[in-house]
Amino acid sequence: MWNGNAFVAGAFFLAACIVSIGGCEIGAASRQAATTARDAQQVQLPHGRYQIDPERHRVWFLTQEGVFVYDVSRPERVAVSLPGWVTVDTFYGCLPDLALGPNGEAVITSNSLPTLWRIDPDTLAVSVHPLLLDTDTDKDVGFSGLAYSPQHGAFLAASYSLGSLWRIDPLYRTAQKISLSAPIPGACGLAAQSRSSLQQALSRRADLCVRTPHGGWTVVFAPDGLSAYVSAAPCTDRPWPLDAGWLKGK
């Protein structure tokens with residue numbers, strides 16, 4: 001059930017982080033929001049995903065009811081309708097995912113179909129993008145993990161049920177399956193290295209972090225970007241825009 005007052009309290013704490021001098025690291029914001037919530041009649045964020053867009057002073061939320069955006073300058077939430085958005089109950093897997101692109105566009109997945117919904121950062125207009133898969137066309141492929149990868153110049157998406165990883169072409173027309181050394185079971189979230197991290201030539205951190213209900217995985221790509229080595233080891237250097245309480249309940 002949607003709790004509007006709770007959402008407002010949590011969202012505006014996160015929005016305040018955006019305009020503060022140093023900003024708030026997402027994990028710290030989540031912890032502080034939870035503390036603020038307990039002090040304010042146990043206010044809590046809704047179960048779902050969130051992303052912070054510092055440049056546009058926005059906080060994006062994705063719940064099972066849909067996608068909402070808050071702007072620091074506005075006292076109300078804006079619901080953005082996703083035409084034909086299809087999801088399956090989280091009893092069967094993880095929530096769909098929400099990620100921000102390099103130009104502030106919000107992209108939302110379905111956890112049951114290989115389709116993306118793109119929200120324009122300026123007009124909030126929605127476009128729907130069914131993806132043509134290069135394989136596994138006989139399977140039910142949905143994406144429960146999504147992240148923009150500067151290394152690839154494209155979005156990467158993960159399937160909860162198949163343990164597969166996909167590269168989405170920049171025009172949102174096709175999805176190319178990345179060859180993995182092993183499947184990644186139960187992917188519920190992705191976090192790619194930032195552009196600044198990629199510029200650190202001596203960095204040995206994973207190219208991609210994957211979160212699952214049973215632990216984390218790291219992914220290191222081959223030079224061609226079309227294959228990768230995965231290992232069952234968690235990343236600790238990147239925050240997760242996913243409601244931790246929901247994940248623990250999986």
# chains A, B, ... in the order shown; residues from 1 in each chain; ligands from 1
call {"tool": "residues_around", "arguments": {"residues": "Gly145 (chain A)", "least_positions_apart": "3", "cutoff": "9 Å", "atoms": "only C-alpha atoms", "output": "ChimeraX atom specification"}}
result
/A:94-99,109,111,156-160,187-191,210-211
call {"tool": "select_by_dssp", "arguments": {"residues": "region 55-107 of chain A", "states": "strand (DSSP E)", "output": "list in words"}}
result
Arg58, Val59, Trp60, Phe61, Leu62, Thr63, Gly66, Val67, Phe68, Val69, Tyr70, Asp71, Val78, Ala79, Val80, Leu98, Ala99, Leu100, Ala106 and Val107 of chain A
call {"tool": "residues_around", "arguments": {"residues": "Ser227 (chain A)", "least_positions_apart": "6", "cutoff": "10 Å", "atoms": "only C-alpha atoms", "output": "MDAnalysis selection string"}}
result
chainID A and resid 165 177:181 219:221
call {"tool": "closest_residue", "arguments": {"among": "A:Gly142, A:Pro102, A:Pro150, A:Pro54", "to": "Val88 (chain A)", "atoms": "only C-alpha atoms"}}
result
A:Gly142
call {"tool": "atom_distance", "arguments": {"atom1": "CA of Asp224 (chain A)", "atom2": "CA of Ala106 (chain A)"}}
result
27.1 Å
call {"tool": "atom_distance", "arguments": {"atom1": "CA of Ala182 (chain A)", "atom2": "CA of Ser110 (chain A)"}}
result
23.5 Å
